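Have a look at run00.txt; it's compact mmCIF, C-alpha atoms:
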# COMPACT_ATOMS: atom_id res chain seq x y z
CA MET A 16 32.19 -2.52 -12.58
CA PRO A 17 29.84 -0.52 -10.32
CA THR A 18 32.65 1.43 -8.66
CA VAL A 19 30.47 4.18 -7.20
CA LEU A 20 28.21 1.63 -5.56
CA VAL A 21 31.17 -0.17 -4.01
CA SER A 22 32.80 3.00 -2.69
CA SER A 23 29.55 4.38 -1.25
CA LEU A 24 28.41 1.11 0.29
CA PRO A 25 29.45 2.05 3.86
CA TYR A 26 27.38 5.24 3.61
CA LEU A 27 24.40 3.33 2.25
CA LEU A 28 24.64 0.70 4.97
CA GLN A 29 24.56 3.48 7.55
CA GLY A 30 21.31 4.58 5.92
CA ALA A 31 20.08 0.99 5.98
CA VAL A 32 20.67 0.87 9.73
CA ASN A 33 18.38 3.89 10.11
CA THR A 34 15.79 2.26 7.88
CA LEU A 35 15.91 -0.91 9.99
CA TRP A 36 15.56 1.06 13.22
CA MET A 37 12.65 3.08 11.94
CA SER A 38 10.97 -0.03 10.53
CA ALA A 39 11.40 -2.02 13.75
CA VAL A 40 10.01 0.75 15.96
CA CYS A 41 7.13 1.75 13.66
CA VAL A 42 6.06 -1.80 12.78
CA THR A 43 6.17 -2.93 16.42
CA LEU A 44 4.30 0.09 17.80
CA GLY A 45 1.87 0.13 14.87
CA THR A 46 1.10 -3.56 15.33
CA VAL A 47 0.52 -3.18 19.07
CA VAL A 48 -1.71 -0.12 18.55
CA GLY A 49 -3.57 -1.88 15.73
CA VAL A 50 -4.18 -5.10 17.67
CA VAL A 51 -5.57 -3.18 20.65
CA ILE A 52 -7.81 -1.09 18.40
CA GLY A 53 -8.86 -4.20 16.49
CA ILE A 54 -9.93 -5.93 19.71
CA LEU A 55 -11.77 -2.79 20.86
CA SER A 56 -13.54 -2.56 17.50
CA VAL A 57 -15.26 -5.85 18.31
CA LEU A 58 -15.87 -5.50 22.04
CA ALA A 59 -16.07 -1.80 22.93
CA PRO A 60 -19.31 0.19 23.32
CA ALA A 61 -20.86 1.68 20.20
CA VAL A 62 -19.39 5.20 20.59
CA ILE A 63 -15.84 3.87 20.65
CA ARG A 64 -16.57 1.51 17.77
CA TRP A 65 -17.80 4.49 15.74
CA MET A 66 -14.63 6.40 16.46
CA ILE A 67 -12.53 3.42 15.44
CA THR A 68 -14.47 3.06 12.18
CA ALA A 69 -13.80 6.73 11.42
CA TYR A 70 -10.09 6.34 12.26
CA VAL A 71 -9.69 3.29 10.02
CA PHE A 72 -11.61 4.97 7.19
CA VAL A 73 -9.50 8.13 7.28
CA PHE A 74 -6.09 6.49 7.67
CA ARG A 75 -6.68 3.75 5.11
CA GLY A 76 -8.06 6.14 2.54
CA THR A 77 -5.22 8.67 2.65
CA PRO A 78 -1.71 8.22 1.20
CA VAL A 79 0.88 7.68 3.92
CA LEU A 80 3.03 10.39 2.34
CA VAL A 81 0.23 12.93 2.87
CA LEU A 82 -0.11 11.77 6.49
CA MET A 83 3.62 12.29 6.96
CA PHE A 84 3.44 15.82 5.56
CA LEU A 85 0.41 16.51 7.71
CA ALA A 86 2.19 15.40 10.88
CA TYR A 87 5.28 17.33 9.87
CA PHE A 88 3.40 20.59 9.37
CA ALA A 89 0.57 20.20 11.88
CA LEU A 90 2.36 19.39 15.11
CA PRO A 91 4.56 22.52 15.18
CA ALA A 92 1.46 24.61 14.47
CA PHE A 93 0.02 23.36 17.75
CA GLY A 94 3.18 24.35 19.57
CA LEU A 95 4.73 20.89 19.61
CA MET A 96 8.30 21.29 18.49
CA ILE A 97 9.47 17.81 17.65
CA ASN A 98 11.95 16.53 15.12
CA VAL A 99 11.07 15.08 11.72
CA PHE A 100 11.80 11.56 12.90
CA VAL A 101 9.06 11.63 15.53
CA ALA A 102 6.47 13.35 13.33
CA VAL A 103 6.97 10.95 10.43
CA GLY A 104 7.25 7.96 12.76
CA GLY A 105 3.96 8.90 14.42
CA ALA A 106 2.24 9.08 11.02
CA LEU A 107 3.64 5.67 10.09
CA VAL A 108 2.53 4.11 13.39
CA LEU A 109 -1.05 5.36 13.02
CA TYR A 110 -1.11 4.32 9.36
CA THR A 111 0.15 0.82 10.23
CA GLY A 112 -2.32 0.67 13.10
CA SER A 113 -5.32 1.24 10.83
CA PHE A 114 -4.37 -1.74 8.65
CA VAL A 115 -3.51 -3.99 11.61
CA ALA A 116 -6.83 -3.09 13.26
CA GLU A 117 -8.70 -4.35 10.19
CA ILE A 118 -6.64 -7.57 10.08
CA THR A 119 -7.23 -8.24 13.79
CA ARG A 120 -10.92 -7.46 13.55
CA GLY A 121 -11.33 -9.81 10.59
CA ALA A 122 -9.48 -12.61 12.39
CA ILE A 123 -11.58 -12.25 15.55
CA LEU A 124 -14.87 -12.14 13.64
CA SER A 125 -13.91 -15.26 11.67
CA ILE A 126 -13.93 -17.36 14.83
CA PRO A 127 -17.26 -19.21 14.99
CA ARG A 128 -19.75 -17.63 17.36
CA GLY A 129 -20.54 -21.07 18.79
CA GLN A 130 -17.15 -21.25 20.49
CA VAL A 131 -17.88 -18.08 22.46
CA ASP A 132 -21.35 -19.33 23.38
CA ALA A 133 -19.90 -22.64 24.49
CA ALA A 134 -17.29 -20.90 26.63
CA LYS A 135 -19.98 -18.66 28.16
CA SER A 136 -22.15 -21.65 28.98
CA LEU A 137 -19.17 -23.14 30.77
CA GLY A 138 -19.18 -20.02 32.94
CA MET A 139 -16.05 -18.37 31.51
CA ARG A 140 -15.74 -14.61 31.87
CA TRP A 141 -15.07 -12.28 28.92
CA GLY A 142 -11.42 -11.72 29.79
CA LEU A 143 -10.83 -15.43 30.01
CA ILE A 144 -12.69 -16.16 26.76
CA LEU A 145 -10.61 -13.53 25.02
CA ARG A 146 -7.32 -14.84 26.42
CA GLN A 147 -7.97 -18.56 26.17
CA ILE A 148 -10.19 -18.96 23.13
CA ILE A 149 -10.34 -15.99 20.79
CA LEU A 150 -6.87 -14.47 20.79
CA PRO A 151 -4.75 -17.64 20.37
CA GLN A 152 -6.71 -18.64 17.26
CA ALA A 153 -6.99 -15.11 15.89
CA LEU A 154 -3.26 -14.58 16.30
CA LYS A 155 -2.40 -17.73 14.39
CA MET A 156 -4.75 -16.73 11.62
CA SER A 157 -3.58 -13.15 11.35
CA LEU A 158 0.15 -13.84 11.43
CA PRO A 159 0.62 -14.13 7.62
CA PRO A 160 -1.29 -10.91 6.82
CA LEU A 161 0.52 -9.13 9.66
CA LEU A 162 3.87 -10.15 8.16
CA ASN A 163 2.79 -8.98 4.71
CA ASN A 164 1.68 -5.73 6.29
CA SER A 165 5.12 -5.34 7.89
CA VAL A 166 6.73 -5.63 4.45
CA ILE A 167 4.43 -2.87 3.17
CA MET A 168 5.40 -0.66 6.12
CA ILE A 169 9.14 -1.28 5.72
CA LYS A 170 8.79 -0.16 2.12
CA ALA A 171 6.76 2.85 3.28
CA THR A 172 9.62 4.06 5.51
CA SER A 173 11.40 5.03 2.28
CA TYR A 174 8.73 7.69 1.69
CA ALA A 175 9.94 9.47 4.82
CA SER A 176 12.97 10.55 2.76
CA ILE A 177 10.66 12.89 0.81
CA VAL A 178 9.75 14.71 4.02
CA GLY A 179 13.42 14.90 5.01
CA VAL A 180 14.23 11.90 7.21
CA TRP A 181 17.74 10.63 6.66
CA GLU A 182 17.57 6.92 5.91
CA LEU A 183 18.54 4.54 3.11
CA THR A 184 16.59 6.20 0.28
CA TYR A 185 17.71 9.68 1.33
CA ALA A 186 21.33 8.52 1.41
CA ALA A 187 20.90 7.04 -2.07
CA ARG A 188 19.61 10.34 -3.45
CA GLU A 189 22.51 12.23 -1.91
CA ILE A 190 25.01 9.94 -3.58
CA VAL A 191 23.24 10.09 -6.93
CA GLU A 192 23.19 13.91 -6.79
CA ARG A 193 26.95 13.90 -6.28
CA SER A 194 27.96 11.06 -8.62
CA LEU A 195 25.11 10.90 -11.17
CA ALA A 196 25.44 7.10 -11.01
CA ALA A 197 21.67 6.68 -10.79
CA PHE A 198 21.43 3.21 -12.27
CA GLN A 199 23.85 1.33 -10.06
CA ILE A 200 23.01 3.19 -6.85
CA PHE A 201 19.23 2.83 -7.11
CA LEU A 202 19.53 -0.81 -8.20
CA GLY A 203 21.93 -1.48 -5.33
CA VAL A 204 19.59 0.14 -2.83
CA MET A 205 16.66 -1.85 -4.20
CA ALA A 206 18.76 -4.95 -3.57
CA ILE A 207 19.23 -3.89 0.07
CA TYR A 208 15.47 -3.39 0.52
CA PHE A 209 14.91 -6.75 -1.15
CA LEU A 210 17.25 -8.47 1.29
CA ILE A 211 15.28 -6.98 4.19
CA CYS A 212 11.78 -7.67 2.83
CA TYR A 213 12.06 -10.94 0.94
CA PRO A 214 12.68 -13.24 3.95
CA LEU A 215 9.57 -11.80 5.63
CA SER A 216 7.51 -12.38 2.47
CA VAL A 217 8.72 -15.98 2.23
CA LEU A 218 7.92 -16.58 5.90
CA ALA A 219 4.43 -15.13 5.41
CA ARG A 220 3.77 -17.43 2.47
CA ARG A 221 4.98 -20.51 4.39
CA LEU A 222 2.70 -19.74 7.33
CA GLU A 223 -0.18 -19.12 4.94
CA LYS A 224 0.33 -22.51 3.31
CA ARG A 225 0.51 -24.24 6.65
CA ALA A 226 -2.69 -22.52 7.80
CA ALA A 227 -4.43 -23.59 4.58
CA PHE A 228 -3.24 -27.15 5.20
CA ILE A 229 -4.66 -27.24 8.72
CA HIS A 230 -8.11 -25.95 7.74
CA MET B 1 -16.95 31.97 16.96
CA GLU B 2 -16.01 32.97 13.43
CA VAL B 3 -12.71 34.38 14.58
CA MET B 4 -11.98 31.21 16.51
CA LEU B 5 -12.65 29.18 13.38
CA TYR B 6 -10.26 31.23 11.30
CA ARG B 7 -7.66 31.07 14.00
CA TYR B 8 -7.59 27.31 14.01
CA PHE B 9 -8.53 26.54 10.43
CA ASP B 10 -8.13 29.32 7.89
CA ILE B 11 -10.91 28.30 5.56
CA ARG B 12 -10.83 31.56 3.59
CA PHE B 13 -7.28 30.82 2.57
CA ILE B 14 -8.20 27.29 1.49
CA LEU B 15 -11.09 28.62 -0.60
CA ARG B 16 -8.83 31.21 -2.23
CA SER B 17 -6.35 28.47 -3.17
CA LEU B 18 -9.05 26.16 -4.48
CA PRO B 19 -8.15 26.63 -8.17
CA GLN B 20 -4.62 25.40 -7.43
CA PHE B 21 -5.91 22.40 -5.49
CA LEU B 22 -8.16 21.50 -8.41
CA LEU B 23 -5.25 21.62 -10.86
CA GLY B 24 -3.34 19.24 -8.61
CA LEU B 25 -6.39 17.01 -8.30
CA GLU B 26 -6.66 16.89 -12.09
CA LEU B 27 -3.06 15.69 -12.42
CA THR B 28 -3.52 13.07 -9.70
CA VAL B 29 -6.61 11.74 -11.50
CA GLU B 30 -4.84 11.77 -14.87
CA ILE B 31 -1.75 9.88 -13.77
CA SER B 32 -3.85 7.43 -11.74
CA VAL B 33 -6.09 6.63 -14.70
CA VAL B 34 -3.16 6.19 -17.11
CA ALA B 35 -1.23 4.03 -14.63
CA MET B 36 -4.38 1.97 -13.88
CA ALA B 37 -4.96 1.16 -17.53
CA MET B 38 -1.31 0.21 -18.00
CA ALA B 39 -1.19 -1.88 -14.80
CA LEU B 40 -4.39 -3.81 -15.60
CA ILE B 41 -3.00 -4.78 -19.02
CA TRP B 42 0.56 -5.43 -17.78
CA GLY B 43 -0.83 -7.77 -15.13
CA LEU B 44 -2.57 -9.81 -17.85
CA VAL B 45 0.62 -9.92 -19.92
CA LEU B 46 2.54 -11.25 -16.90
CA ALA B 47 -0.17 -13.71 -15.80
CA GLY B 48 0.04 -15.67 -19.08
CA PRO B 49 3.67 -16.84 -18.82
CA ARG B 50 3.37 -17.06 -15.02
CA MET B 51 0.70 -19.75 -15.42
CA SER B 52 2.08 -21.38 -18.58
CA GLY B 53 3.57 -24.29 -16.65
CA ARG B 54 6.84 -23.92 -18.56
CA ARG B 55 9.69 -23.07 -16.23
CA TRP B 56 11.71 -21.00 -18.68
CA LEU B 57 8.66 -18.76 -19.12
CA SER B 58 7.39 -18.62 -15.54
CA ALA B 59 10.72 -18.32 -13.69
CA PRO B 60 11.73 -14.88 -15.05
CA VAL B 61 8.20 -13.54 -14.47
CA MET B 62 8.18 -14.87 -10.90
CA THR B 63 11.55 -13.22 -10.23
CA TYR B 64 10.22 -9.94 -11.61
CA ILE B 65 7.10 -10.18 -9.44
CA GLU B 66 9.15 -10.89 -6.29
CA VAL B 67 11.48 -7.94 -6.96
CA MET B 68 8.53 -5.59 -7.52
CA ARG B 69 6.75 -6.77 -4.36
CA ASN B 70 9.78 -6.50 -2.10
CA THR B 71 11.24 -3.13 -3.08
CA PRO B 72 9.72 0.32 -2.47
CA LEU B 73 7.77 1.97 -5.28
CA LEU B 74 9.63 5.21 -4.63
CA LEU B 75 12.92 3.61 -5.69
CA GLN B 76 11.34 2.13 -8.78
CA ILE B 77 10.15 5.63 -9.70
CA TYR B 78 13.66 7.01 -9.13
CA LEU B 79 15.19 4.19 -11.17
CA VAL B 80 12.91 4.88 -14.14
CA TYR B 81 13.21 8.67 -13.94
CA PHE B 82 16.92 9.09 -13.11
CA GLY B 83 18.29 5.74 -14.32
CA LEU B 84 16.73 5.12 -17.72
CA PRO B 85 18.09 8.33 -19.33
CA LEU B 86 21.59 6.96 -18.67
CA ILE B 87 20.92 4.13 -21.11
CA GLY B 88 19.24 6.45 -23.61
CA LEU B 89 15.62 5.89 -22.55
CA GLY B 90 14.69 9.28 -21.12
CA LEU B 91 10.98 9.63 -20.31
CA SER B 92 9.04 12.69 -19.17
CA PRO B 93 8.30 12.87 -15.42
CA PHE B 94 4.65 12.01 -16.09
CA ALA B 95 5.53 8.96 -18.22
CA SER B 96 8.21 7.84 -15.74
CA GLY B 97 5.76 7.99 -12.87
CA ALA B 98 3.02 6.15 -14.77
CA VAL B 99 5.41 3.44 -16.03
CA ALA B 100 6.90 2.83 -12.56
CA ILE B 101 3.49 2.63 -10.88
CA ALA B 102 2.21 0.29 -13.61
CA ALA B 103 5.35 -1.86 -13.33
CA GLN B 104 4.75 -2.45 -9.64
CA HIS B 105 0.97 -2.77 -9.61
CA GLY B 106 1.02 -4.96 -12.74
CA ALA B 107 3.10 -7.45 -10.72
CA PHE B 108 0.56 -7.44 -7.87
CA LEU B 109 -2.36 -7.72 -10.30
CA ALA B 110 -0.77 -10.69 -12.12
CA GLU B 111 -0.87 -12.62 -8.84
CA VAL B 112 -4.48 -11.56 -8.26
CA TYR B 113 -5.49 -12.76 -11.73
CA ARG B 114 -3.70 -16.06 -11.16
CA GLY B 115 -5.49 -16.54 -7.84
CA GLY B 116 -8.83 -15.88 -9.53
CA ILE B 117 -8.26 -18.36 -12.35
CA GLU B 118 -6.90 -21.05 -10.01
CA SER B 119 -9.90 -20.63 -7.70
CA VAL B 120 -12.21 -21.94 -10.42
CA SER B 121 -12.49 -25.67 -9.83
CA VAL B 122 -10.54 -27.79 -12.28
CA ARG B 123 -13.70 -29.91 -12.73
CA GLN B 124 -15.36 -26.99 -14.48
CA TRP B 125 -12.54 -27.03 -16.97
CA GLU B 126 -12.72 -30.80 -17.38
CA ALA B 127 -16.50 -30.70 -17.85
CA ALA B 128 -16.21 -28.01 -20.51
CA ARG B 129 -13.57 -30.03 -22.33
CA ALA B 130 -15.68 -33.18 -22.06
CA LEU B 131 -18.55 -31.31 -23.70
CA GLY B 132 -16.29 -30.88 -26.70
CA MET B 133 -15.16 -27.27 -26.19
CA ASP B 134 -11.65 -26.50 -27.34
CA ARG B 135 -9.21 -24.99 -24.81
CA TRP B 136 -9.89 -21.40 -25.84
CA ARG B 137 -13.69 -21.75 -25.69
CA ALA B 138 -13.50 -23.51 -22.30
CA LEU B 139 -11.33 -20.69 -20.97
CA ARG B 140 -13.44 -17.91 -22.48
CA LEU B 141 -16.93 -19.26 -21.75
CA VAL B 142 -16.48 -21.21 -18.53
CA VAL B 143 -13.36 -20.33 -16.55
CA LEU B 144 -12.82 -16.60 -17.18
CA PRO B 145 -16.35 -15.36 -16.37
CA GLN B 146 -16.19 -17.10 -12.98
CA ALA B 147 -12.61 -15.99 -12.36
CA LEU B 148 -13.54 -12.39 -13.19
CA LEU B 149 -16.19 -12.35 -10.46
CA LYS B 150 -13.67 -13.57 -7.89
CA VAL B 151 -11.10 -11.05 -9.02
CA VAL B 152 -13.16 -7.85 -8.98
CA PRO B 153 -12.91 -7.12 -5.21
CA PRO B 154 -9.13 -7.65 -4.85
CA VAL B 155 -8.43 -5.77 -8.09
CA GLY B 156 -10.56 -2.95 -6.72
CA ASN B 157 -8.48 -2.90 -3.54
CA HIS B 158 -5.31 -2.63 -5.59
CA LEU B 159 -6.68 0.22 -7.67
CA VAL B 160 -7.45 2.15 -4.47
CA ILE B 161 -3.87 1.54 -3.30
CA LEU B 162 -2.66 2.70 -6.72
CA VAL B 163 -4.45 6.03 -6.35
CA LYS B 164 -2.77 6.53 -2.97
CA ASP B 165 0.60 5.48 -4.38
CA SER B 166 0.29 8.10 -7.12
CA SER B 167 1.19 10.66 -4.42
CA LEU B 168 4.81 9.43 -4.73
CA VAL B 169 5.24 11.00 -8.16
CA SER B 170 5.44 14.31 -6.30
CA ALA B 171 9.03 13.23 -5.52
CA ILE B 172 10.04 13.64 -9.18
CA GLY B 173 8.45 17.05 -9.52
CA ILE B 174 4.98 16.30 -10.87
CA MET B 175 2.53 18.92 -9.61
CA ASP B 176 -0.04 16.47 -8.33
CA LEU B 177 -2.21 17.05 -5.25
CA THR B 178 0.62 16.28 -2.84
CA LEU B 179 3.25 18.52 -4.40
CA THR B 180 0.64 21.27 -4.84
CA GLY B 181 0.13 21.16 -1.10
CA LYS B 182 3.83 21.47 -0.43
CA ALA B 183 4.16 24.31 -2.94
CA ILE B 184 1.27 26.26 -1.41
CA ILE B 185 2.77 25.90 2.06
CA GLU B 186 6.21 27.01 0.92
CA ARG B 187 4.82 30.04 -0.89
CA SER B 188 2.29 31.24 1.65
CA GLY B 189 3.52 30.06 5.02
CA ALA B 190 0.11 28.52 5.63
CA SER B 191 0.32 25.38 7.60
CA TYR B 192 -1.48 22.16 8.33
CA GLU B 193 -4.83 23.31 6.89
CA VAL B 194 -3.38 22.68 3.46
CA PHE B 195 -2.59 19.02 4.12
CA VAL B 196 -5.88 18.45 5.92
CA THR B 197 -7.56 19.65 2.73
CA ILE B 198 -5.29 17.47 0.58
CA ALA B 199 -6.07 14.44 2.76
CA LEU B 200 -9.80 15.15 2.32
CA PHE B 201 -9.37 15.28 -1.46
CA TYR B 202 -7.62 11.88 -1.47
CA LEU B 203 -10.24 10.48 0.88
CA ALA B 204 -12.97 11.63 -1.51
CA LEU B 205 -11.13 10.08 -4.48
CA THR B 206 -10.56 6.69 -2.83
CA SER B 207 -14.11 6.55 -1.42
CA LEU B 208 -15.59 7.39 -4.80
CA LEU B 209 -13.49 4.70 -6.47
CA SER B 210 -14.47 2.11 -3.85
CA ALA B 211 -18.14 2.96 -4.29
CA VAL B 212 -17.92 2.64 -8.08
CA LEU B 213 -16.14 -0.71 -7.78
CA ARG B 214 -18.74 -2.05 -5.35
CA PHE B 215 -21.45 -1.00 -7.80
CA VAL B 216 -19.66 -2.73 -10.70
CA GLU B 217 -19.26 -5.90 -8.66
CA ARG B 218 -22.94 -6.01 -7.74
CA ARG B 219 -24.02 -5.41 -11.33
CA TYR B 220 -21.69 -8.09 -12.65
CA ARG B 221 -22.82 -10.60 -10.04
CA GLY B 222 -26.38 -10.00 -11.27
CA THR B 223 -25.56 -10.78 -14.89
CA LEU B 224 -23.83 -14.08 -14.12
As a first step, turn the structure in this file into C-alpha cells.
Amino acid sequence: MPTVLVSSLPYLLQGAVNTLWMSAVCVTLGTVVGVVIGILSVLAPAVIRWMITAYVFVFRGTPVLVLMFLAYFALPAFGLMINVFVAVGGALVLYTGSFVAEITRGAILSIPRGQVDAAKSLGMRWGLILRQIILPQALKMSLPPLLNNSVIMIKATSYASIVGVWELTYAAREIVERSLAAFQIFLGVMAIYFLICYPLSVLARRLEKRAAFIH
Amino acid sequence: MEVMLYRYFDIRFILRSLPQFLLGLELTVEISVVAMAMALIWGLVLAGPRMSGRRWLSAPVMTYIEVMRNTPLLLQIYLVYFGLPLIGLGLSPFASGAVAIAAQHGAFLAEVYRGGIESVSVRQWEAARALGMDRWRALRLVVLPQALLKVVPPVGNHLVILVKDSSLVSAIGIMDLTLTGKAIIERSGASYEVFVTIALFYLALTSLLSAVLRFVERRYRGTL
C-alpha cells in the first residue's frame, strides 16, 4: 500500500495547483505572443522579420532550463529585483512564443496565394484579408500543433523546480527527501501530470484527424 | 570602450573559465550521443510490436508511449535515478540520465518510424509482393528505403530536442554544460555572462547537428 503517497497527497495537490496556474498563464501568454510574432514574421518589413528570425533561432536552439537560469541570474544583474516565479515564467513565455511563432507562420504560409490575390482583386484591404480569409483558416489548421505545444510547455513547467520554483515537482522532491519513498511518490506525481496532459493530447489528435478528413 | 565592455560582459572571466566550460561541453556531448544511440534503437524495438496488428502486443506499447509523451522527462529521470535503487537496480547518474532520455525519446521515435512506414503507399507493398518478393524482401528493398527518406527530417528534429533535453541531467548532479554554469556562478559570484555563454554553446551544438542532418538528408535523397 503506497501509504506515503496517500498521506502526502494534499501537499502534492497544492503543488499541482501551482503547476496548473503557471501552465495556464505561461501557455496563454506564450501563445498570444507567438501568434502576434508569427503574423508579423509574414507581414512586417524586412528588419523586423530579421529580428524575429534571430529570436526564433536563439530560443528554439537553447534548452528551456538554460533560459530559465539565464533569466534568473540576468535580470537582477540589471537591477531588476523580481521573484523566481516571474523570471522563470518570462523565460517560459518567450520559449513558448518561439515555437508558436513557427506554427503560426507555417499555417499562414500554407494558405494558397491565390486566395489573397482573389481577395485583393475584390478590393479588400490587408486588415480585412487577414481577419476574414487568412486567420480563420490558419487558426483551424494550427489548433492541433498548438495543443501539442501546450502539452510540451506544461511538462516544461516542471523544470522550473530546478531553478527553485515551488510547484508539483518541487513538492515531490521535498517529500522524497523526507520519506525516501521515491518510487511511489514519483510515479504518483507522473500520474498527476498524465491526468493534466493526456486529455489535451487526445483532443489534439481528434482535431488532427478531423482536419485530415476535411482536406 | 574596453572598460564599458568589461563592465557589462566580463569576457576575460569567461575566457579564464573556458577549460571548465569545455569539460561540461564534453559531458553534454557524451551523454547526448549515448542517449541518441539508445533512443534510435529503442524506437525501432517499440515500433515492431506497435505495428504488429496484434492487440496483445500493440496495446502495452501504446500505453507506454502515451505515458512517456504525457509526463515530464525530469520526473522520468528522477524515477530512474532515485526509484530504481529501491528495487535493487541502482545505476550511475550518467547511466540513469541516458536511460531516462532514451526511454522518452524512443517512444517519440517509435511513432515517427510508424508514420514513415505507413506513409509508403500500400500499393508499393502489393506490387512488390505481386512480383514474387517475400515479406522480408518487400519490406527491405521497397518499403524501408522510401520510409527512411520520409523519416530523416522528423528524426533529426527529435535528436535536436534530445540534445536540449540532456540539460535536465544536471538535476541529478551530472557536471554537464548546465550544471557547470551553475557551479561557476556559485563559486565566483559571476552572473549572467556565464549562462549567455552556456546558451551560445548549446546553440552551436544544435545548429551543428541540424546542419549535419540536412547534409545527410540531401545526400540520401541523391542516392535514391
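With all atoms listed in the file as the atoms that count, the minimum distance from B:Ile198 to the choices A:Cys41, A:Trp36, A:Leu82, A:Lys135 is reached by A:Leu82.
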Counting only C-alpha atoms, collect the residues of chain B whose closest atom lies at most 9 Å from chain A, and write them out as a VMD selection string. chain B and resid 66 to 67 69 to 76 78 to 80 82 to 84 86 to 87 160 to 161 163 to 168 170 to 171 178 182 191 to 196 198 to 207
Output of the above residues as a compact mmCIF listing (two decimals), keeping the file's coordinate frame, restricted to C-alpha atoms:
# COMPACT_ATOMS: atom_id res chain seq x y z
CA GLU B 66 9.15 -10.89 -6.29
CA VAL B 67 11.48 -7.94 -6.96
CA ARG B 69 6.75 -6.77 -4.36
CA ASN B 70 9.78 -6.50 -2.10
CA THR B 71 11.24 -3.13 -3.08
CA PRO B 72 9.72 0.32 -2.47
CA LEU B 73 7.77 1.97 -5.28
CA LEU B 74 9.63 5.21 -4.63
CA LEU B 75 12.92 3.61 -5.69
CA GLN B 76 11.34 2.13 -8.78
CA TYR B 78 13.66 7.01 -9.13
CA LEU B 79 15.19 4.19 -11.17
CA VAL B 80 12.91 4.88 -14.14
CA PHE B 82 16.92 9.09 -13.11
CA GLY B 83 18.29 5.74 -14.32
CA LEU B 84 16.73 5.12 -17.72
CA LEU B 86 21.59 6.96 -18.67
CA ILE B 87 20.92 4.13 -21.11
CA VAL B 160 -7.45 2.15 -4.47
CA ILE B 161 -3.87 1.54 -3.30
CA VAL B 163 -4.45 6.03 -6.35
CA LYS B 164 -2.77 6.53 -2.97
CA ASP B 165 0.60 5.48 -4.38
CA SER B 166 0.29 8.10 -7.12
CA SER B 167 1.19 10.66 -4.42
CA LEU B 168 4.81 9.43 -4.73
CA SER B 170 5.44 14.31 -6.30
CA ALA B 171 9.03 13.23 -5.52
CA THR B 178 0.62 16.28 -2.84
CA LYS B 182 3.83 21.47 -0.43
CA SER B 191 0.32 25.38 7.60
CA TYR B 192 -1.48 22.16 8.33
CA GLU B 193 -4.83 23.31 6.89
CA VAL B 194 -3.38 22.68 3.46
CA PHE B 195 -2.59 19.02 4.12
CA VAL B 196 -5.88 18.45 5.92
CA ILE B 198 -5.29 17.47 0.58
CA ALA B 199 -6.07 14.44 2.76
CA LEU B 200 -9.80 15.15 2.32
CA PHE B 201 -9.37 15.28 -1.46
CA TYR B 202 -7.62 11.88 -1.47
CA LEU B 203 -10.24 10.48 0.88
CA ALA B 204 -12.97 11.63 -1.51
CA LEU B 205 -11.13 10.08 -4.48
CA THR B 206 -10.56 6.69 -2.83
CA SER B 207 -14.11 6.55 -1.42
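Each of B:Tyr220, B:Leu139, B:Trp56, B:Ile14 was compared to B:Ile185 using all atoms listed in the file, and B:Ile14 turns out to be the nearest.
Distance check against A:Leu20 using only C-alpha atoms: of A:Leu222, A:Ile67, A:Gly203, A:Ile97, the minimum falls on A:Gly203.
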Every residue with an atom at most 7 Å from (-10.6, -9.0, 23.5) (file coordinates; all atoms listed in the file) is what I'm after, so could you write them as a ChimeraX atom specification? /A:54-55,58,142,145
Got time to write the residues from that selection, C-alpha atoms, as a PDB file, keeping the file's coordinate frame?
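Output file part25.pdb follows:
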ATOM      1  CA  ILE A  54      -9.930  -5.930  19.710  1.00  0.00           C
ATOM      2  CA  LEU A  55     -11.770  -2.790  20.860  1.00  0.00           C
ATOM      3  CA  LEU A  58     -15.870  -5.500  22.040  1.00  0.00           C
ATOM      4  CA  GLY A 142     -11.420 -11.720  29.790  1.00  0.00           C
ATOM      5  CA  LEU A 145     -10.610 -13.530  25.020  1.00  0.00           C
TER       6      LEU A 145
END
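You can rank A:Ala186, A:Ala59, A:Met156, A:Ala69 by their closest distance to A:Ser23 using only C-alpha atoms, and at the top of that list sits A:Ala186.
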Nearest to A:Gln152 by atom-to-atom distance, counting all atoms listed in the file, from A:Gly179, A:Gly121, A:Gly105, A:Gly49: A:Gly121
Could I get stretch 193-201 of chain B rebuilt with N, CA and C atoms, written as a compact mmCIF listing (two decimals), keeping the file's coordinate frame?
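Listed below is the output, result-v3.txt:
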# COMPACT_ATOMS: atom_id res chain seq x y z
N GLU B 193 -3.52 23.31 7.56
CA GLU B 193 -4.83 23.31 6.89
C GLU B 193 -4.70 22.73 5.49
N VAL B 194 -3.57 23.09 4.84
CA VAL B 194 -3.38 22.68 3.46
C VAL B 194 -3.40 21.16 3.35
N PHE B 195 -2.66 20.47 4.25
CA PHE B 195 -2.59 19.02 4.12
C PHE B 195 -3.85 18.33 4.66
N VAL B 196 -4.58 19.00 5.54
CA VAL B 196 -5.88 18.45 5.92
C VAL B 196 -6.79 18.44 4.68
N THR B 197 -6.75 19.57 3.95
CA THR B 197 -7.56 19.65 2.73
C THR B 197 -7.13 18.59 1.72
N ILE B 198 -5.81 18.46 1.53
CA ILE B 198 -5.29 17.47 0.58
C ILE B 198 -5.75 16.07 0.98
N ALA B 199 -5.65 15.76 2.28
CA ALA B 199 -6.07 14.44 2.76
C ALA B 199 -7.55 14.22 2.44
N LEU B 200 -8.36 15.28 2.62
CA LEU B 200 -9.80 15.15 2.32
C LEU B 200 -10.03 14.87 0.84
N PHE B 201 -9.25 15.53 -0.02
CA PHE B 201 -9.37 15.28 -1.46
C PHE B 201 -9.07 13.81 -1.78
